[in-house]
$ cat entry-v7.cif   # mmCIF, C-alpha atoms and all ligand atoms
data_work
#
loop_
_atom_site.label_atom_id
_atom_site.label_comp_id
_atom_site.auth_asym_id
_atom_site.auth_seq_id
_atom_site.Cartn_x
_atom_site.Cartn_y
_atom_site.Cartn_z
CA MET A 1 79.28 103.55 32.89
CA THR A 2 76.59 101.33 31.45
CA GLN A 3 78.40 98.85 29.22
CA ARG A 4 81.79 97.22 29.14
CA GLN A 5 84.35 99.21 27.22
CA ARG A 6 87.29 97.89 25.28
CA VAL A 7 90.78 99.10 26.07
CA VAL A 8 93.65 98.25 23.73
CA VAL A 9 97.10 98.62 25.27
CA ILE A 10 99.95 98.80 22.77
CA GLY A 11 103.15 97.61 24.43
CA GLY A 12 103.53 94.88 27.02
CA GLY A 13 106.39 96.42 29.00
CA TYR A 14 106.31 97.74 32.56
CA ALA A 15 103.87 100.58 31.88
CA GLY A 16 101.55 98.67 29.53
CA THR A 17 101.19 95.56 31.70
CA MET A 18 100.65 97.66 34.82
CA ALA A 19 97.89 99.63 33.05
CA ALA A 20 96.28 96.47 31.67
CA ASN A 21 96.36 94.59 34.97
CA ARG A 22 94.88 97.46 36.91
CA LEU A 23 92.07 97.90 34.40
CA ALA A 24 91.36 94.16 34.34
CA GLN A 25 91.02 94.10 38.11
CA VAL A 26 88.36 96.79 38.03
CA GLY A 27 86.19 94.41 36.03
CA ASP A 28 84.41 96.94 33.81
CA PHE A 29 86.74 96.69 30.81
CA ASP A 30 87.71 94.20 28.13
CA VAL A 31 91.46 94.63 27.97
CA VAL A 32 93.70 93.62 25.06
CA VAL A 33 97.50 93.94 25.14
CA VAL A 34 99.34 94.05 21.80
CA ASN A 35 103.01 93.21 22.11
CA GLU A 36 105.68 92.45 19.56
CA ARG A 37 106.80 89.26 21.26
CA ASP A 38 105.20 86.50 23.27
CA ARG A 39 107.09 87.12 26.52
CA PHE A 40 107.37 89.88 29.07
CA VAL A 41 110.88 91.28 28.96
CA GLU A 42 112.49 92.78 32.05
CA ARG A 43 114.59 95.31 30.20
CA ILE A 44 116.38 96.25 33.40
CA ARG A 45 117.95 92.79 33.41
CA LEU A 46 118.98 92.62 29.76
CA HIS A 47 122.65 93.19 30.61
CA GLN A 48 122.43 90.16 32.89
CA TRP A 49 120.81 88.11 30.14
CA ALA A 50 123.52 89.17 27.66
CA ALA A 51 126.30 88.39 30.16
CA GLY A 52 124.86 84.99 31.05
CA SER A 53 124.39 85.94 34.71
CA GLY A 54 120.60 86.11 34.85
CA GLU A 55 117.22 85.68 33.16
CA ALA A 56 115.20 88.55 31.75
CA ALA A 57 111.98 87.12 30.31
CA HIS A 58 108.74 85.77 31.74
CA ASP A 59 105.78 83.96 30.23
CA PHE A 60 103.00 86.54 29.89
CA ALA A 61 100.65 83.98 31.45
CA THR A 62 102.44 84.63 34.75
CA ILE A 63 102.33 88.42 34.34
CA LEU A 64 98.98 89.43 32.89
CA ALA A 65 95.88 89.38 35.08
CA PRO A 66 93.16 86.83 34.28
CA GLY A 67 90.91 88.15 31.54
CA VAL A 68 93.57 90.27 29.76
CA ARG A 69 93.91 89.06 26.16
CA LEU A 70 97.40 89.08 24.66
CA VAL A 71 97.81 89.63 20.93
CA VAL A 72 101.36 88.95 19.76
CA ASP A 73 101.69 91.33 16.85
CA THR A 74 103.10 94.72 15.89
CA ALA A 75 100.86 97.79 15.78
CA THR A 76 101.50 99.55 12.48
CA ALA A 77 98.96 102.39 12.54
CA ILE A 78 96.46 104.08 14.82
CA ASP A 79 93.32 105.36 13.13
CA ALA A 80 92.17 107.76 15.83
CA PRO A 81 88.93 108.96 14.15
CA GLN A 82 87.80 105.35 13.62
CA ARG A 83 89.22 104.23 17.01
CA GLN A 84 91.11 101.37 15.42
CA VAL A 85 94.61 99.92 15.66
CA HIS A 86 96.03 98.21 12.58
CA LEU A 87 98.39 95.30 13.13
CA ALA A 88 101.16 93.88 10.94
CA SER A 89 99.16 90.64 10.55
CA GLY A 90 96.33 92.62 8.93
CA GLU A 91 94.08 92.33 11.99
CA VAL A 92 92.31 95.51 13.04
CA LEU A 93 91.41 96.09 16.70
CA ARG A 94 88.62 98.45 17.65
CA TYR A 95 88.90 100.33 20.92
CA ASP A 96 87.01 102.67 23.19
CA TYR A 97 90.27 103.74 24.84
CA LEU A 98 93.83 103.22 23.70
CA VAL A 99 96.88 103.10 25.98
CA TYR A 100 100.06 104.02 24.12
CA ALA A 101 102.95 102.28 25.98
CA LEU A 102 105.55 101.47 23.34
CA GLY A 103 108.64 102.18 25.43
CA SER A 104 111.95 103.25 23.98
CA GLY A 105 114.72 101.80 21.88
CA ALA A 106 118.07 102.74 20.46
CA PRO A 107 118.73 105.62 18.09
CA ASP A 108 120.01 105.01 14.60
CA ALA A 109 123.67 104.74 15.34
CA THR A 110 125.51 107.86 14.29
CA ILE A 111 129.02 106.56 14.95
CA PRO A 112 130.56 105.20 11.75
CA GLY A 113 130.76 101.41 11.93
CA ALA A 114 128.21 101.13 14.77
CA VAL A 115 125.59 99.41 12.64
CA GLU A 116 128.08 97.01 11.03
CA TYR A 117 130.17 96.11 14.07
CA GLY A 118 128.37 97.37 17.18
CA HIS A 119 126.09 95.27 19.38
CA ARG A 120 123.20 96.66 21.41
CA LEU A 121 121.08 95.40 24.26
CA GLU A 122 118.04 97.60 24.37
CA ASP A 123 115.61 94.79 23.54
CA TRP A 124 115.33 91.02 23.81
CA GLU A 125 116.56 90.32 20.30
CA SER A 126 119.66 92.52 20.44
CA ALA A 127 120.59 91.31 23.94
CA SER A 128 120.16 87.70 22.85
CA GLY A 129 122.46 88.31 19.87
CA LEU A 130 125.09 89.76 22.18
CA ARG A 131 124.70 86.84 24.58
CA GLU A 132 125.44 84.42 21.74
CA VAL A 133 128.61 86.27 20.74
CA LEU A 134 129.84 86.50 24.33
CA GLY A 135 128.98 82.87 25.03
CA VAL A 136 131.91 81.54 23.01
CA GLY A 137 134.41 82.58 25.70
CA PRO A 138 136.16 85.55 27.28
CA GLN A 139 136.46 88.51 24.91
CA SER A 140 137.95 91.99 24.80
CA VAL A 141 134.87 94.17 25.00
CA ALA A 142 134.54 97.91 24.42
CA VAL A 143 131.38 99.41 25.91
CA VAL A 144 130.54 102.75 24.30
CA GLY A 145 128.51 105.05 26.56
CA GLY A 146 129.05 106.09 30.17
CA GLY A 147 125.40 106.32 31.21
CA LEU A 148 123.72 103.89 33.59
CA THR A 149 123.26 101.16 30.97
CA GLY A 150 126.93 101.37 29.93
CA ILE A 151 128.06 101.18 33.55
CA GLU A 152 125.83 98.21 34.40
CA THR A 153 126.84 96.37 31.24
CA SER A 154 130.57 96.92 31.75
CA ALA A 155 130.49 95.65 35.32
CA GLU A 156 128.37 92.63 34.46
CA LEU A 157 130.61 91.57 31.59
CA ALA A 158 133.85 92.13 33.54
CA GLU A 159 132.54 90.04 36.39
CA GLN A 160 131.85 87.22 33.90
CA GLY A 161 135.50 87.19 32.84
CA HIS A 162 135.54 89.53 29.82
CA ARG A 163 138.22 92.21 29.50
CA VAL A 164 136.19 95.42 29.41
CA THR A 165 136.97 99.02 28.50
CA LEU A 166 134.19 101.57 28.98
CA VAL A 167 134.55 104.58 26.66
CA THR A 168 132.57 107.76 27.07
CA GLY A 169 132.79 111.14 25.39
CA GLY A 170 131.85 112.89 28.65
CA GLU A 171 132.19 111.92 32.28
CA LEU A 172 131.07 108.64 33.76
CA GLY A 173 127.48 108.52 35.07
CA PRO A 174 126.44 112.13 34.36
CA SER A 175 123.20 111.62 36.28
CA LEU A 176 125.07 110.67 39.49
CA SER A 177 126.38 112.98 42.21
CA GLU A 178 130.14 113.52 42.46
CA LYS A 179 130.24 111.07 45.34
CA GLY A 180 128.23 108.49 43.40
CA ARG A 181 130.45 108.90 40.37
CA GLU A 182 133.64 108.54 42.39
CA SER A 183 132.44 105.42 44.14
CA THR A 184 131.24 103.90 40.85
CA ARG A 185 134.61 104.59 39.20
CA GLU A 186 136.38 102.91 42.09
CA THR A 187 134.15 99.82 42.02
CA LEU A 188 134.48 99.47 38.25
CA ARG A 189 138.26 99.66 38.63
CA ARG A 190 138.16 96.96 41.31
CA ILE A 191 136.04 94.68 39.11
CA GLY A 192 138.58 95.16 36.31
CA VAL A 193 136.85 97.66 34.01
CA GLU A 194 139.11 100.25 32.43
CA VAL A 195 137.22 103.55 32.24
CA ARG A 196 138.15 106.06 29.53
CA GLU A 197 136.32 109.37 30.07
CA GLN A 198 136.31 112.43 27.78
CA ALA A 199 137.16 110.02 24.97
CA GLY A 200 135.04 110.60 21.86
CA VAL A 201 134.60 107.61 19.57
CA ALA A 202 135.43 108.37 15.92
CA GLU A 203 134.72 104.96 14.42
CA ILE A 204 133.97 101.37 15.34
CA GLY A 205 135.79 98.68 13.41
CA PRO A 206 135.56 94.87 13.41
CA THR A 207 138.27 94.43 16.05
CA SER A 208 138.83 97.90 17.48
CA VAL A 209 137.34 101.22 18.48
CA HIS A 210 139.04 104.35 17.11
CA LEU A 211 139.00 107.43 19.32
CA ASP A 212 138.98 111.09 18.29
CA ASP A 213 142.50 111.56 19.67
CA GLY A 214 143.82 108.96 17.21
CA SER A 215 144.25 106.18 19.74
CA GLU A 216 142.65 102.77 19.41
CA ILE A 217 141.07 100.23 21.78
CA ALA A 218 141.36 96.59 20.74
CA ALA A 219 137.94 94.96 21.03
CA THR A 220 136.60 91.75 19.56
CA VAL A 221 133.14 92.85 20.70
CA THR A 222 131.82 96.42 20.89
CA VAL A 223 128.58 97.22 22.71
CA VAL A 224 126.93 100.58 21.99
CA THR A 225 124.73 101.76 24.86
CA ALA A 226 124.55 105.48 24.12
CA GLY A 227 121.23 107.23 23.59
CA PHE A 228 117.49 106.53 23.41
CA ALA A 229 115.04 106.71 20.53
CA TYR A 230 111.28 106.28 20.44
CA PRO A 231 108.92 104.28 18.22
CA ASP A 232 107.41 106.49 15.53
CA LEU A 233 103.92 104.96 15.54
CA ALA A 234 102.29 108.08 16.99
CA ARG A 235 104.03 110.37 14.53
CA ARG A 236 103.15 108.13 11.58
CA SER A 237 99.54 108.03 12.77
CA GLY A 238 99.30 111.83 12.75
CA LEU A 239 99.31 112.30 16.54
CA ALA A 240 101.23 115.14 18.16
CA VAL A 241 104.70 114.12 19.32
CA ASP A 242 107.66 115.97 20.78
CA ASP A 243 110.94 116.40 18.89
CA ALA A 244 112.14 112.96 19.95
CA GLY A 245 108.91 111.27 18.82
CA ARG A 246 107.22 110.73 22.21
CA LEU A 247 103.42 111.05 22.25
CA ARG A 248 102.48 114.43 23.69
CA THR A 249 100.05 114.17 26.56
CA ASP A 250 98.63 116.55 29.14
CA GLY A 251 99.33 116.24 32.83
CA ALA A 252 96.80 113.42 33.17
CA LEU A 253 98.50 111.45 30.34
CA VAL A 254 95.74 112.14 27.80
CA SER A 255 96.94 112.72 24.22
CA ILE A 256 96.68 116.43 23.44
CA ASP A 257 94.92 115.44 20.18
CA ASP A 258 92.51 112.79 21.27
CA ALA A 259 90.70 112.19 24.56
CA ARG A 260 90.44 108.45 23.80
CA ILE A 261 94.22 107.96 23.75
CA VAL A 262 96.33 107.82 26.90
CA GLY A 263 100.15 107.79 26.75
CA THR A 264 102.40 106.25 29.38
CA GLY A 265 105.93 105.02 30.13
CA ASP A 266 108.99 105.99 28.12
CA SER A 267 107.02 106.65 24.94
CA ALA A 268 105.02 109.62 26.27
CA THR A 269 105.94 113.11 27.32
CA VAL A 270 103.82 114.56 30.12
CA ALA A 271 102.67 118.17 29.96
CA GLY A 272 105.83 119.04 28.06
CA VAL A 273 108.09 117.21 30.53
CA ALA A 274 110.23 114.32 29.31
CA ILE A 275 110.37 112.11 32.38
CA ARG A 276 113.59 110.13 32.81
CA ASN A 277 113.29 106.81 30.96
CA SER A 278 113.06 104.24 33.72
CA CYS A 279 110.91 101.44 34.98
CA GLN A 280 110.88 103.46 38.19
CA ALA A 281 108.67 105.95 36.34
CA ALA A 282 107.01 103.55 33.87
CA ILE A 283 105.28 101.45 36.53
CA PRO A 284 103.52 104.29 38.37
CA LEU A 285 102.82 105.96 35.03
CA GLY A 286 101.15 102.71 33.91
CA ALA A 287 99.07 102.70 37.06
CA HIS A 288 98.12 106.31 36.45
CA ALA A 289 97.18 105.59 32.82
CA ALA A 290 94.66 103.04 34.14
CA ALA A 291 93.22 105.59 36.55
CA THR A 292 92.90 108.10 33.72
CA VAL A 293 91.06 105.60 31.49
CA ARG A 294 88.68 104.80 34.34
CA ALA A 295 87.96 108.47 34.92
CA LEU A 296 87.40 109.18 31.22
CA ALA A 297 85.12 106.15 30.85
CA ALA A 298 83.10 107.28 33.85
CA GLY A 299 82.80 110.81 32.47
CA ASN A 300 84.95 112.28 35.24
CA PRO A 301 87.92 114.63 34.74
CA PRO A 302 91.14 112.63 35.06
CA LYS A 303 93.63 113.70 37.70
CA ALA A 304 97.09 114.95 36.88
CA VAL A 305 99.99 112.69 37.67
CA HIS A 306 102.41 113.78 40.34
CA LEU A 307 105.48 111.64 40.12
CA THR A 308 108.28 111.63 42.63
CA PHE A 309 111.69 110.00 42.39
CA VAL A 310 113.82 108.78 45.27
CA GLY A 311 117.05 107.79 43.55
CA GLN A 312 118.87 105.72 40.97
CA CYS A 313 120.11 102.16 41.49
CA VAL A 314 123.06 101.09 39.36
CA SER A 315 124.14 97.48 39.52
CA LEU A 316 127.90 96.86 39.46
CA GLY A 317 127.88 93.14 38.86
CA ARG A 318 126.15 90.79 41.27
CA HIS A 319 127.94 91.87 44.44
CA ALA A 320 127.93 95.66 44.37
CA ALA A 321 125.80 98.60 43.30
CA THR A 322 125.62 102.35 43.61
CA VAL A 323 122.34 103.48 45.13
CA GLN A 324 122.26 107.19 44.40
CA LEU A 325 119.72 109.03 46.55
CA SER A 326 117.93 112.01 45.06
CA LYS A 327 115.48 114.78 45.75
CA PHE A 328 111.91 114.04 44.71
CA ASP A 329 112.53 115.95 41.48
CA ASP A 330 115.25 113.41 40.52
CA THR A 331 118.18 115.72 41.32
CA PRO A 332 120.94 113.57 42.89
CA ILE A 333 122.10 114.47 46.38
CA ASN A 334 125.53 113.68 47.77
CA ARG A 335 124.36 110.54 49.59
CA ILE A 336 124.89 107.03 48.33
CA LEU A 337 124.72 103.42 49.47
CA THR A 338 127.30 101.07 48.02
CA GLY A 339 128.83 97.59 48.05
CA GLY A 340 126.91 94.53 49.20
CA LEU A 341 124.17 96.60 50.82
CA GLY A 342 123.70 98.47 47.53
CA ALA A 343 123.55 95.16 45.63
CA LYS A 344 120.86 93.82 48.00
CA ILE A 345 118.79 96.98 47.59
CA LYS A 346 119.17 96.88 43.81
CA GLU A 347 118.13 93.22 43.61
CA THR A 348 115.14 93.84 45.87
CA ILE A 349 114.05 96.71 43.65
CA CYS A 350 114.46 94.65 40.46
CA ARG A 351 112.31 91.89 41.96
CA SER A 352 109.73 94.38 43.14
CA THR A 353 109.14 95.64 39.59
CA VAL A 354 107.84 92.28 38.37
CA TRP A 355 106.04 91.70 41.65
CA GLY A 356 104.46 95.14 41.20
CA VAL A 357 102.98 94.46 37.78
CA ARG A 358 101.78 91.03 38.93
CA HIS A 359 100.08 92.48 42.01
CA PRO A 360 98.94 95.92 40.87
CA ARG A 361 96.65 96.57 43.82
CA LEU A 362 99.18 95.52 46.45
CA TYR A 363 101.86 97.50 44.62
CA ARG A 364 99.93 100.64 45.18
CA ALA A 365 99.37 99.81 48.82
CA SER A 366 103.04 99.03 49.32
CA THR A 367 104.33 102.21 47.76
CA GLY A 368 101.84 104.57 49.31
CA ALA A 369 101.36 107.93 47.73
CA ALA A 370 104.95 108.51 46.69
CA PRO A 371 105.92 107.04 43.31
CA ALA A 372 102.40 106.12 42.34
CA GLY A 373 101.44 109.57 43.56
CA VAL A 374 98.41 110.93 41.90
CA VAL A 375 96.11 113.70 42.78
CA ALA A 376 96.67 117.19 41.74
CA ASP A 377 93.99 119.69 40.97
CA ALA A 378 93.55 121.00 37.50
CA PRO A 379 95.43 122.43 35.73
CA ALA A 380 97.51 119.38 35.08
CA ARG A 381 100.91 119.47 36.68
CA VAL A 382 103.78 117.07 36.86
CA ALA A 383 106.78 116.95 39.11
CA VAL A 384 109.64 114.63 38.24
C1 LIG A 401 120.06 97.23 29.86
C2 LIG A 401 119.05 98.17 30.46
C3 LIG A 401 119.09 98.40 31.84
C4 LIG A 401 118.16 99.26 32.41
N1 LIG A 401 118.21 99.46 33.77
C5 LIG A 401 117.27 100.23 34.37
C6 LIG A 401 117.25 100.38 35.79
O1 LIG A 401 118.10 99.84 36.50
N2 LIG A 401 116.26 101.15 36.35
C7 LIG A 401 115.31 101.76 35.60
O2 LIG A 401 114.43 102.42 36.16
N3 LIG A 401 115.31 101.65 34.24
C8 LIG A 401 116.25 100.90 33.61
N4 LIG A 401 116.26 100.77 32.24
C9 LIG A 401 115.25 101.51 31.45
C10 LIG A 401 113.90 100.77 31.51
O3 LIG A 401 114.08 99.43 31.11
C11 LIG A 401 112.88 101.44 30.60
O4 LIG A 401 112.81 102.81 30.93
C12 LIG A 401 111.52 100.76 30.80
O5 LIG A 401 111.59 99.46 30.24
C13 LIG A 401 110.38 101.56 30.15
O6 LIG A 401 109.18 100.85 30.34
P1 LIG A 401 108.01 100.96 29.27
O7 LIG A 401 106.90 100.10 29.76
O8 LIG A 401 107.74 102.38 28.97
O9 LIG A 401 108.62 100.34 27.92
P2 LIG A 401 109.25 98.92 27.60
O10 LIG A 401 109.63 98.19 28.82
O11 LIG A 401 110.31 99.21 26.59
O12 LIG A 401 108.06 98.14 26.91
C14 LIG A 401 107.51 98.54 25.66
C15 LIG A 401 106.94 97.31 24.97
O13 LIG A 401 106.24 97.72 23.81
C16 LIG A 401 106.56 96.85 22.73
N5 LIG A 401 106.32 97.55 21.46
C17 LIG A 401 106.98 98.62 20.96
N6 LIG A 401 106.46 98.98 19.78
C18 LIG A 401 105.42 98.13 19.54
C19 LIG A 401 104.48 98.02 18.49
N7 LIG A 401 104.46 98.85 17.43
N8 LIG A 401 103.55 97.02 18.55
C20 LIG A 401 103.53 96.17 19.62
N9 LIG A 401 104.41 96.25 20.64
C21 LIG A 401 105.33 97.23 20.60
C22 LIG A 401 108.03 96.53 22.99
O14 LIG A 401 108.43 95.38 22.29
C23 LIG A 401 108.02 96.34 24.50
O15 LIG A 401 107.66 95.02 24.85
C24 LIG A 401 117.17 99.92 31.61
C25 LIG A 401 117.15 99.68 30.23
C26 LIG A 401 118.06 98.82 29.66
C27 LIG A 401 118.00 98.56 28.17
#

$ encode --input "entry-v7.cif" --output "structure tokens"
Amino acid sequence: MTQRQRVVVIGGGYAGTMAANRLAQVGDFDVVVVNERDRFVERIRLHQWAAGSGEAAHDFATILAPGVRLVVDTATAIDAPQRQVHLASGEVLRYDYLVYALGSGAPDATIPGAVEYGHRLEDWESASGLREVLGVGPQSVAVVGGGLTGIETSAELAEQGHRVTLVTGGELGPSLSEKGRESTRETLRRIGVEVREQAGVAEIGPTSVHLDDGSEIAATVTVVTAGFAYPDLARRSGLAVDDAGRLRTDGALVSIDDARIVGTGDSATVAGVAIRNSCQAAIPLGAHAAATVRALAAGNPPKAVHLTFVGQCVSLGRHAATVQLSKFDDTPINRILTGGLGAKIKETICRSTVWGVRHPRLYRASTGAAPAGVVADAPARVAV
């Protein structure tokens, strides 16, 4: 490579900051991160922020490597042929390589009343709104959704003194093993969360949640945690996306349309595989996106990502957690760690995510080949 190349990273979450910091440390790139807000948000702590039991934001100056320029703005269009990103402010950024790391959000709520009366916590703004409402004093809270976010939110709010009912149309924690599910149910019960499974929600009202079976849950606050949706920037910009709107990339994270665009984190699908939305995947995917940009810029074929999972960590308030162990392909096995030990492991992992993006080189060294795992021969291949 003879001259410095410019990389624009859209999205300053786990994947985007990891990619930017790794590229900045190589020294051959001018790196710009475009992010909607001026702070790095630890999404995995947003339930703590909403409950008033923890912080979830950091000054980007403490996160981004020296030399990375932050532009606080919203990307509104990608002009791939011209290699330009258009921003809401009217500014246009030219790039040699683009990293697409927009993350995920919430779907348009399909439950009647969800938009009018439901709260969410998928981003800083929605979690801050919920925090304000909960800050006035103990409330009766209905949490809709029995996935990991619903579980973590219910436990956190109950531990802070709110009366919480978790409602889910299916079973609690579908991604957990039977043992993990049973233990999680038991801990939620001990913390004071009432769990209603197989209970479809028909409508959300101002002070209650109406179930399909005609019954009603009194709730001054309803939090909707069900489902994920993806920013539609790639689709609107004419790039190939999957049905959910994730940028389609090959096994090395390169857009199937454009060899100057690399997708990573929640907002990309890899060789047709939708990797589980998680910072557990986003951080190594961010690291791999940087490696792919370096290879492309040097004229070398990028290597396919080979991602391995080891488990899921579900916080259950500040004093307990379910650590669900899994096979490398993310299938849960019937082994769990719980209670105070689980809580310590979960907290250590949460801290390690921010530490990881701040120290991208050491992160790689500390994790070895496993989650950051790389190297596979062509053709591109991904294991999740
Ligand atoms: C409450 C909660 C708890 C969670 N707990 C866990 C957990 O315990 N473990 C786990 O692994 N995962 C957890 N997750 C999921 C995890 O947070 C996400 O999978 C992870 O944040 C994805 O990282 P990312 O870098 O792809 O995207 P994000 O972290 O979402 O970052 C994307 C960034 O891009 C910005 N952006 C989007 N569009 C634009 C645009 N057009 N212009 C400029 N900027 C833009 C966004 O504002 C955001 O800052 C949790 C999520 C939530 C909401």

$ closest_atom_pairs --input "entry-v7.cif" --of "chain A" --to "ligand LIG 401 (chain A)" --cutoff "8 Å" --atoms "all atoms listed in the file" --output "Markdown table"
| residue | atom | partner | partner_atom | distance |
| --- | --- | --- | --- | --- |
| A:Ile10 | CA | A:LIG401 | C20 | 5.4 |
| A:Gly11 | CA | A:LIG401 | O13 | 3.2 |
| A:Gly12 | CA | A:LIG401 | C15 | 4.7 |
| A:Gly13 | CA | A:LIG401 | O12 | 3.2 |
| A:Tyr14 | CA | A:LIG401 | O7 | 3.7 |
| A:Ala15 | CA | A:LIG401 | O7 | 3.7 |
| A:Gly16 | CA | A:LIG401 | O7 | 5.5 |
| A:Thr17 | CA | A:LIG401 | O7 | 7.5 |
| A:Val34 | CA | A:LIG401 | C20 | 5.2 |
| A:Asn35 | CA | A:LIG401 | N9 | 3.7 |
| A:Glu36 | CA | A:LIG401 | N9 | 4.1 |
| A:Arg37 | CA | A:LIG401 | O14 | 6.4 |
| A:Phe40 | CA | A:LIG401 | O15 | 6.7 |
| A:Val41 | CA | A:LIG401 | O15 | 6.4 |
| A:Glu42 | CA | A:LIG401 | O3 | 6.9 |
| A:Arg43 | CA | A:LIG401 | O3 | 4.3 |
| A:Ile44 | CA | A:LIG401 | C4 | 3.6 |
| A:Arg45 | CA | A:LIG401 | C3 | 5.9 |
| A:Leu46 | CA | A:LIG401 | C1 | 4.7 |
| A:His47 | CA | A:LIG401 | C1 | 4.9 |
| A:Val72 | CA | A:LIG401 | C20 | 7.5 |
| A:Asp73 | CA | A:LIG401 | C20 | 5.9 |
| A:Thr74 | CA | A:LIG401 | N8 | 3.5 |
| A:Ala75 | CA | A:LIG401 | N8 | 3.9 |
| A:Thr76 | CA | A:LIG401 | N7 | 5.8 |
| A:Leu87 | CA | A:LIG401 | N8 | 7.7 |
| A:Ala101 | CA | A:LIG401 | O8 | 5.6 |
| A:Leu102 | CA | A:LIG401 | O13 | 3.8 |
| A:Gly103 | CA | A:LIG401 | O9 | 3.1 |
| A:Ser104 | CA | A:LIG401 | O11 | 5.1 |
| A:Gly105 | CA | A:LIG401 | O11 | 7.0 |
| A:Leu121 | CA | A:LIG401 | C27 | 5.9 |
| A:Glu122 | CA | A:LIG401 | C27 | 3.9 |
| A:Asp123 | CA | A:LIG401 | C27 | 6.4 |
| A:Leu148 | CA | A:LIG401 | N1 | 7.1 |
| A:Thr149 | CA | A:LIG401 | C3 | 5.1 |
| A:Glu152 | CA | A:LIG401 | C3 | 7.2 |
| A:Thr153 | CA | A:LIG401 | C1 | 7.0 |
| A:Pro231 | CA | A:LIG401 | N6 | 6.0 |
| A:Leu233 | CA | A:LIG401 | N7 | 6.4 |
| A:Thr264 | CA | A:LIG401 | O8 | 6.6 |
| A:Gly265 | CA | A:LIG401 | O8 | 3.4 |
| A:Asp266 | CA | A:LIG401 | O8 | 3.9 |
| A:Ser267 | CA | A:LIG401 | O8 | 5.9 |
| A:Arg276 | CA | A:LIG401 | O4 | 7.6 |
| A:Asn277 | CA | A:LIG401 | O4 | 4.0 |
| A:Ser278 | CA | A:LIG401 | O4 | 3.1 |
| A:Cys279 | CA | A:LIG401 | O2 | 3.8 |
| A:Gln280 | CA | A:LIG401 | O2 | 4.2 |
| A:Ala281 | CA | A:LIG401 | O2 | 6.8 |
| A:Ala282 | CA | A:LIG401 | O6 | 4.9 |
| A:Ile283 | CA | A:LIG401 | O7 | 7.1 |
| A:Gly286 | CA | A:LIG401 | O7 | 7.6 |
| A:Gln312 | CA | A:LIG401 | N2 | 7.0 |
| A:Cys313 | CA | A:LIG401 | O1 | 5.9 |
| A:Val314 | CA | A:LIG401 | O1 | 5.9 |
| A:Ser315 | CA | A:LIG401 | O1 | 7.2 |
| A:Lys346 | CA | A:LIG401 | O1 | 8.0 |
| A:Cys350 | CA | A:LIG401 | O1 | 7.5 |

$ closest_residue --input "entry-v7.cif" --among "A:Ala50, A:Ala289, A:Ile261, A:Val270" --to "A:Leu130" --atoms "only C-alpha atoms"
A:Ala50

$ atom_distance --input "entry-v7.cif" --atom1 "atom CA of A:Ala199" --atom2 "atom CA of A:Gly169"
4.5 Å

$ residues_around --input "entry-v7.cif" --residues "A:Leu341" --least-positions-apart "5" --cutoff "12 Å" --atoms "all atoms listed in the file" --output "PDB file with C-alpha atoms, in the coordinates of the input"
ATOM      1  CA  CYS A 313     120.110 102.160  41.490  1.00  0.00           C
ATOM      2  CA  SER A 315     124.140  97.480  39.520  1.00  0.00           C
ATOM      3  CA  LEU A 316     127.900  96.860  39.460  1.00  0.00           C
ATOM      4  CA  ARG A 318     126.150  90.790  41.270  1.00  0.00           C
ATOM      5  CA  HIS A 319     127.940  91.870  44.440  1.00  0.00           C
ATOM      6  CA  ALA A 320     127.930  95.660  44.370  1.00  0.00           C
ATOM      7  CA  ALA A 321     125.800  98.600  43.300  1.00  0.00           C
ATOM      8  CA  THR A 322     125.620 102.350  43.610  1.00  0.00           C
ATOM      9  CA  VAL A 323     122.340 103.480  45.130  1.00  0.00           C
ATOM     10  CA  ILE A 336     124.890 107.030  48.330  1.00  0.00           C
ATOM     11  CA  LYS A 346     119.170  96.880  43.810  1.00  0.00           C
ATOM     12  CA  GLU A 347     118.130  93.220  43.610  1.00  0.00           C
ATOM     13  CA  THR A 348     115.140  93.840  45.870  1.00  0.00           C
TER      14      THR A 348
END

$ closest_residue --input "entry-v7.cif" --among "A:Ala271, A:Val293, A:Ala240, A:Ala51" --to "A:Glu159" --atoms "only C-alpha atoms"
A:Ala51

$ residues_near_point --input "entry-v7.cif" --point "(138.7, 89.8, 31.0)" --cutoff "7 Å" --atoms "all atoms listed in the file" --output "list of chain:residue names"
A:Pro138, A:Gln139, A:Ser140, A:Ala158, A:Gly161, A:His162, A:Arg163, A:Val164

$ atom_distance --input "entry-v7.cif" --atom1 "atom CA of A:Val357" --atom2 "atom CA of A:Val71"
18.3 Å

$ residues_around --input "entry-v7.cif" --residues "stretch 188-198 of chain A" --least-positions-apart "5" --cutoff "6 Å" --atoms "all atoms listed in the file" --output "ChimeraX atom specification"
/A:164-171

$ closest_residue --input "entry-v7.cif" --among "A:Gly54, A:Gly146, A:Pro302, A:Gly263" --to "A:Leu239" --atoms "all atoms listed in the file"
A:Gly263

$ closest_residue --input "entry-v7.cif" --among "A:Gly339, A:Arg361, A:Asp257, A:Ala291" --to "A:Pro81" --atoms "only C-alpha atoms"
A:Asp257

$ atom_distance --input "entry-v7.cif" --atom1 "atom CA of A:Thr220" --atom2 "atom CA of A:Arg131"
13.8 Å

$ residues_around --input "entry-v7.cif" --residues "A:Gly173" --least-positions-apart "5" --cutoff "9 Å" --atoms "only C-alpha atoms" --output "number ranges by chain"
A: 146-148, 150-151, 180-181, 184

$ closest_residue --input "entry-v7.cif" --among "A:Pro206, A:Gly251, A:Gly145, A:Gly135" --to "A:Pro112" --atoms "all atoms listed in the file"
A:Pro206

$ axis_aligned_box --input "entry-v7.cif" --around "stretch 247-251 of chain A" --padding-each-side "8 Å" --output "AutoDock Vina command-line options"
--center_x 101.0 --center_y 113.8 --center_z 27.5 --size_x 20.8 --size_y 21.5 --size_z 26.6
